[in-house]
Amino acid sequence: MVRAPMLDLRPPSPRTAVLLLLGLAVVAYWPVVSCGFVWDDDDYVTQNPVLLSWAGLWQLWTEPLSLPQYYPLVHTTFWLEYRLWGLHPLGYHADNVLLHTLAACLAWRLARRLALPGAWFAAAWFLVHPVHVESVAWITERKNVLSLACALLASERWFAWHDGGARRDQVIASCAFLGALLSKSVTATLPGALLVLLWWRDGRLSRRGVLALVPWFAAGIIFALVTAYLEVAHVGAADPRWRLSGADRWLLAGRVPWFYLGCLLWPFGLCFNYERWQLDAASLAQWLWPAATLAALAAAFVWRARFGRGPPAVLLLFGGTLLPVLGFFDVFPFRYAFVADHFQYHASLAALFGLVAWLGPRAAALLPKPLLGTAALLLLGGNVVLTWHTLGAYRDLDTLWQRTLLVNPRSTLALTNLGGHANLRGDGPTAKVLFERALAIDPTLHEAWGNLGVIAHNTGDRATARAHYERALALKPGDAATNNNFAVLYLEQGQPREALAHAERAVAALPDYFEGRVTLGWALHDCGEWERALVELDWVLQRTPQNVLALQRAVRCLMRLGRHRFAASNAMVWLRTQPASAAAKAELVAAMAQVLRTLPPASVRATAENALRKSGLDPAPILPPVAAALRQLGATAQADAVAPK
């Protein structure tokens, strides 16, 4: 049998192949140096409390609810990076680019092991394709690039073992697969993908291969179930306002793969938040998508004798890897759109490598080699330019949402986030317009109603603020931010009991909600529940030791509980943070007087001076009022000892 000519774009050696991929990555992703933190990066990095301490490293592995999603290997990389470069975004971006490049190199190695034509070109296309920018330039999507690198290492080593390699190869493969699951559970589909690849290459499944993958299937199912449970119970994916019917799920499953294939072949108009499709099971036209999907799969199998096992294998790999986001499982982003570029990061490998492997030899047989090489270079160059353009959206949050609105003007996600940022800048009028635009598209947006309440609250219109908060809570009673804002409104109106109920709901909804804990401590303080207030205030002070309002309330709680030493200690921190605060000085004087009255007169002055100096305070302006306070308490001997000589 005469073999078809291969698409011969491979470099002359493995070392050169890797170096060229590294160079291509630098060229394609150099604009990442100007990218910053964007959506969800606060939860994952900039405001993630588990990154702050050594205890957090243990917490992120043992407490699944301490993370936005339980992907502990991802957060371990963030924990390490936080110690290396703090909150400078460039380091995080550079690591994402390196992991993406590593994935391309590993994909090339795997394809070469499977003897796929055009392996290096396919890896290069994957590396520079603009649809992957969302996974690389969005720091939160470390879970994508890390999990794919682990999955490809697992795949390459598994085939090395299967084809007669050492036991060590299987151990490395299994550890890498576990790393992939701990980075993103979408990789639970990998064992099935390996069987498809084995069938594609050999035309059969070996007993050795199937039995070796049984533990992998079990591990994948366990991790997938854990993620599905947390997505509903912790992330909030099962809100009845966007729950899908059975028919809707089949409509999505048929349509989603075509959308992603279209983005791969025509990567123009990419968007961070696509328009959410309106599903209608009564529409015959919408059922054409599932019909076309089934027809394509059936045709690939029926004609495999003519076209080979490649087409059905690629379709199975592409669709199987997309399975977690086809609509059969509830995921939170479905609230905003049923598709996202980062959803197809893993699956795109099958499509790109399959297209090159199947079409490459045919193109090589029809076109002159120089023309084919020129076309390949133009394809890669065009993708690099589109990648540069797409990277520009990730400069900052405002740029991301503004670019989103250019493609999808009906993006309520972009409108509400832009409104939130305008509100934080103090631009209430602009924020109000953006929230009202969002509500005109979707009146059920509780975030928009809650933010309109914040705008009214900030302008002193408490009646309107109350009405908007009530509207938001009618749509989502457990919304943490709205409950917190409502609690603040009640506290300002001198109604601490009403405030307490809302503050407790806010913290129950989000236990790590910092503003909620601050408000809860405030409400408990104003209700006179000193012990409970101290628990919340201590939580706040552990994270922000110089939080003035928390220190002030903690001192007052401790004084009322008679814990004068602790009250004095906190008052010293308060006064050191606010040296001009008369209230801090008064609380410190009162607390020190209570402590010193119990000491022998001979030791009180030295004790007071040492304590103040250790706290960085000058005893001279503090000791005279302490002496006066001691006299008022009847501790004349101690007062005489403290009084300046």
# chains A, B, ... in the order shown; residues from 1 in each chain; ligands from 1
call {"tool": "residues_around", "arguments": {"residues": "region 66-78 of chain A", "least_positions_apart": "6", "cutoff": "8 Å", "atoms": "only C-alpha atoms", "output": "ChimeraX atom specification"}}
result
/A:43-45,50-51,57,59-60,92,142-143,146,179,181-184,227,230-231,234-235,512
call {"tool": "residues_around", "arguments": {"residues": "Asp442 (chain A)", "least_positions_apart": "6", "cutoff": "12 Å", "atoms": "only C-alpha atoms", "output": "mmCIF file with all heavy atoms, in the first residue's frame"}}
result
data_model
loop_
_atom_site.group_PDB
_atom_site.id
_atom_site.type_symbol
_atom_site.label_atom_id
_atom_site.label_comp_id
_atom_site.auth_asym_id
_atom_site.auth_seq_id
_atom_site.Cartn_x
_atom_site.Cartn_y
_atom_site.Cartn_z
ATOM 1 N N ARG A 241 -33.927 29.707 38.875
ATOM 2 C CA ARG A 241 -34.162 30.718 37.844
ATOM 3 C C ARG A 241 -33.507 30.354 36.515
ATOM 4 O O ARG A 241 -33.901 30.870 35.473
ATOM 5 C CB ARG A 241 -33.640 32.084 38.320
ATOM 6 C CG ARG A 241 -34.478 32.722 39.412
ATOM 7 C CD ARG A 241 -33.828 34.006 39.896
ATOM 8 N NE ARG A 241 -32.599 33.746 40.620
ATOM 9 C CZ ARG A 241 -31.704 34.687 40.931
ATOM 10 N NH1 ARG A 241 -31.901 35.931 40.546
ATOM 11 N NH2 ARG A 241 -30.619 34.376 41.609
ATOM 12 N N ARG A 276 -26.492 34.471 25.780
ATOM 13 C CA ARG A 276 -27.140 33.233 26.238
ATOM 14 C C ARG A 276 -28.263 32.857 25.269
ATOM 15 O O ARG A 276 -29.176 33.634 25.037
ATOM 16 C CB ARG A 276 -27.704 33.426 27.643
ATOM 17 C CG ARG A 276 -28.092 32.137 28.357
ATOM 18 C CD ARG A 276 -28.511 32.460 29.786
ATOM 19 N NE ARG A 276 -28.629 31.274 30.605
ATOM 20 C CZ ARG A 276 -29.757 30.589 30.799
ATOM 21 N NH1 ARG A 276 -30.881 30.993 30.214
ATOM 22 N NH2 ARG A 276 -29.778 29.518 31.568
ATOM 23 N N ARG A 335 -25.580 30.314 33.889
ATOM 24 C CA ARG A 335 -26.481 31.420 34.207
ATOM 25 C C ARG A 335 -26.307 32.561 33.200
ATOM 26 O O ARG A 335 -27.253 33.264 32.869
ATOM 27 C CB ARG A 335 -26.192 31.931 35.614
ATOM 28 C CG ARG A 335 -27.076 33.113 35.978
ATOM 29 C CD ARG A 335 -26.645 33.799 37.238
ATOM 30 N NE ARG A 335 -27.451 34.988 37.459
ATOM 31 C CZ ARG A 335 -27.228 35.877 38.389
ATOM 32 N NH1 ARG A 335 -26.226 35.720 39.213
ATOM 33 N NH2 ARG A 335 -28.003 36.932 38.518
ATOM 34 N N TYR A 336 -25.079 32.738 32.730
ATOM 35 C CA TYR A 336 -24.762 33.863 31.848
ATOM 36 C C TYR A 336 -24.665 33.459 30.381
ATOM 37 O O TYR A 336 -24.990 34.247 29.494
ATOM 38 C CB TYR A 336 -23.439 34.501 32.279
ATOM 39 C CG TYR A 336 -23.430 34.934 33.719
ATOM 40 C CD1 TYR A 336 -22.696 34.227 34.675
ATOM 41 C CD2 TYR A 336 -24.172 36.032 34.143
ATOM 42 C CE1 TYR A 336 -22.691 34.626 36.011
ATOM 43 C CE2 TYR A 336 -24.163 36.435 35.468
ATOM 44 C CZ TYR A 336 -23.424 35.726 36.399
ATOM 45 O OH TYR A 336 -23.419 36.111 37.714
ATOM 46 N N ARG A 410 -25.704 42.754 24.875
ATOM 47 C CA ARG A 410 -26.718 42.325 25.842
ATOM 48 C C ARG A 410 -26.116 41.543 27.017
ATOM 49 O O ARG A 410 -26.831 40.864 27.744
ATOM 50 C CB ARG A 410 -27.778 41.475 25.134
ATOM 51 C CG ARG A 410 -28.615 42.260 24.132
ATOM 52 C CD ARG A 410 -29.619 41.352 23.434
ATOM 53 N NE ARG A 410 -30.525 40.692 24.378
ATOM 54 C CZ ARG A 410 -31.606 41.253 24.911
ATOM 55 N NH1 ARG A 410 -31.909 42.518 24.603
ATOM 56 N NH2 ARG A 410 -32.373 40.594 25.732
ATOM 57 N N SER A 411 -24.819 41.651 27.189
ATOM 58 C CA SER A 411 -24.175 40.935 28.285
ATOM 59 C C SER A 411 -24.501 41.601 29.618
ATOM 60 O O SER A 411 -23.915 42.629 29.986
ATOM 61 C CB SER A 411 -22.652 40.898 28.089
ATOM 62 O OG SER A 411 -22.020 40.362 29.240
ATOM 63 N N THR A 412 -25.432 41.024 30.353
ATOM 64 C CA THR A 412 -25.765 41.573 31.669
ATOM 65 C C THR A 412 -24.601 41.387 32.638
ATOM 66 O O THR A 412 -24.441 42.174 33.583
ATOM 67 C CB THR A 412 -27.025 40.900 32.230
ATOM 68 O OG1 THR A 412 -26.822 39.474 32.288
ATOM 69 C CG2 THR A 412 -28.236 41.191 31.347
ATOM 70 N N LEU A 413 -23.791 40.361 32.405
ATOM 71 C CA LEU A 413 -22.612 40.158 33.242
ATOM 72 C C LEU A 413 -21.666 41.344 33.110
ATOM 73 O O LEU A 413 -21.168 41.879 34.108
ATOM 74 C CB LEU A 413 -21.908 38.864 32.829
ATOM 75 C CG LEU A 413 -20.646 38.492 33.603
ATOM 76 C CD1 LEU A 413 -20.960 38.233 35.062
ATOM 77 C CD2 LEU A 413 -19.983 37.265 32.980
ATOM 78 N N LEU A 415 -22.432 44.408 31.984
ATOM 79 C CA LEU A 415 -23.094 45.633 32.444
ATOM 80 C C LEU A 415 -23.074 45.755 33.961
ATOM 81 O O LEU A 415 -22.774 46.823 34.509
ATOM 82 C CB LEU A 415 -24.532 45.670 31.921
ATOM 83 C CG LEU A 415 -24.691 45.894 30.410
ATOM 84 C CD1 LEU A 415 -26.118 45.592 29.973
ATOM 85 C CD2 LEU A 415 -24.314 47.327 30.046
ATOM 86 N N THR A 416 -23.391 44.664 34.655
ATOM 87 C CA THR A 416 -23.428 44.736 36.121
ATOM 88 C C THR A 416 -22.027 44.905 36.699
ATOM 89 O O THR A 416 -21.836 45.621 37.693
ATOM 90 C CB THR A 416 -24.100 43.489 36.722
ATOM 91 O OG1 THR A 416 -23.469 42.307 36.215
ATOM 92 C CG2 THR A 416 -25.569 43.445 36.393
ATOM 93 N N PHE A 435 -26.674 49.653 35.460
ATOM 94 C CA PHE A 435 -27.553 48.689 36.130
ATOM 95 C C PHE A 435 -28.952 48.704 35.519
ATOM 96 O O PHE A 435 -29.583 47.649 35.352
ATOM 97 C CB PHE A 435 -27.628 48.989 37.628
ATOM 98 C CG PHE A 435 -26.338 48.742 38.358
ATOM 99 C CD1 PHE A 435 -25.847 49.664 39.273
ATOM 100 C CD2 PHE A 435 -25.607 47.593 38.137
ATOM 101 C CE1 PHE A 435 -24.660 49.455 39.944
ATOM 102 C CE2 PHE A 435 -24.411 47.366 38.802
ATOM 103 C CZ PHE A 435 -23.943 48.301 39.705
ATOM 104 N N GLU A 436 -29.437 49.866 35.181
ATOM 105 C CA GLU A 436 -30.770 49.953 34.577
ATOM 106 C C GLU A 436 -30.788 49.319 33.189
ATOM 107 O O GLU A 436 -31.780 48.696 32.789
ATOM 108 C CB GLU A 436 -31.219 51.417 34.530
ATOM 109 C CG GLU A 436 -31.569 51.965 35.917
ATOM 110 C CD GLU A 436 -31.858 53.455 35.919
ATOM 111 O OE1 GLU A 436 -31.516 54.120 34.904
ATOM 112 O OE2 GLU A 436 -32.393 53.964 36.923
ATOM 113 N N ALA A 448 -28.099 43.575 40.230
ATOM 114 C CA ALA A 448 -28.368 44.940 39.753
ATOM 115 C C ALA A 448 -29.297 45.679 40.705
ATOM 116 O O ALA A 448 -29.072 46.856 41.024
ATOM 117 C CB ALA A 448 -28.965 44.893 38.350
ATOM 118 N N TRP A 449 -30.350 44.996 41.181
ATOM 119 C CA TRP A 449 -31.251 45.636 42.152
ATOM 120 C C TRP A 449 -30.494 45.987 43.434
ATOM 121 O O TRP A 449 -30.658 47.076 43.998
ATOM 122 C CB TRP A 449 -32.428 44.721 42.473
ATOM 123 C CG TRP A 449 -33.431 44.618 41.374
ATOM 124 C CD1 TRP A 449 -33.721 43.528 40.610
ATOM 125 C CD2 TRP A 449 -34.295 45.665 40.895
ATOM 126 N NE1 TRP A 449 -34.693 43.821 39.682
ATOM 127 C CE2 TRP A 449 -35.071 45.125 39.844
ATOM 128 C CE3 TRP A 449 -34.483 47.002 41.251
ATOM 129 C CZ2 TRP A 449 -36.023 45.879 39.153
ATOM 130 C CZ3 TRP A 449 -35.416 47.752 40.567
ATOM 131 C CH2 TRP A 449 -36.178 47.190 39.530
#
call {"tool": "closest_atom_pairs", "arguments": {"of": "region 175-276 of chain A", "to": "region 354-360 of chain A", "cutoff": "12 Å", "atoms": "only C-alpha atoms", "output": "Markdown table"}}
result
| residue | atom | partner | partner_atom | distance |
| --- | --- | --- | --- | --- |
| A:Leu197 | CA | A:Gly354 | CA | 11.1 |
| A:Trp200 | CA | A:Gly354 | CA | 11.0 |
| A:Leu261 | CA | A:Leu355 | CA | 10.9 |
| A:Leu264 | CA | A:Leu355 | CA | 10.6 |
| A:Leu265 | CA | A:Leu355 | CA | 10.1 |
call {"tool": "atom_distance", "arguments": {"atom1": "CA of Asp396 (chain A)", "atom2": "CA of Gly36 (chain A)"}}
result
5.4 Å
call {"tool": "closest_residue", "arguments": {"among": "A:Pro257, A:Gly373, A:Gly382, A:Pro290", "to": "Leu326 (chain A)", "atoms": "only C-alpha atoms"}}
result
A:Pro257
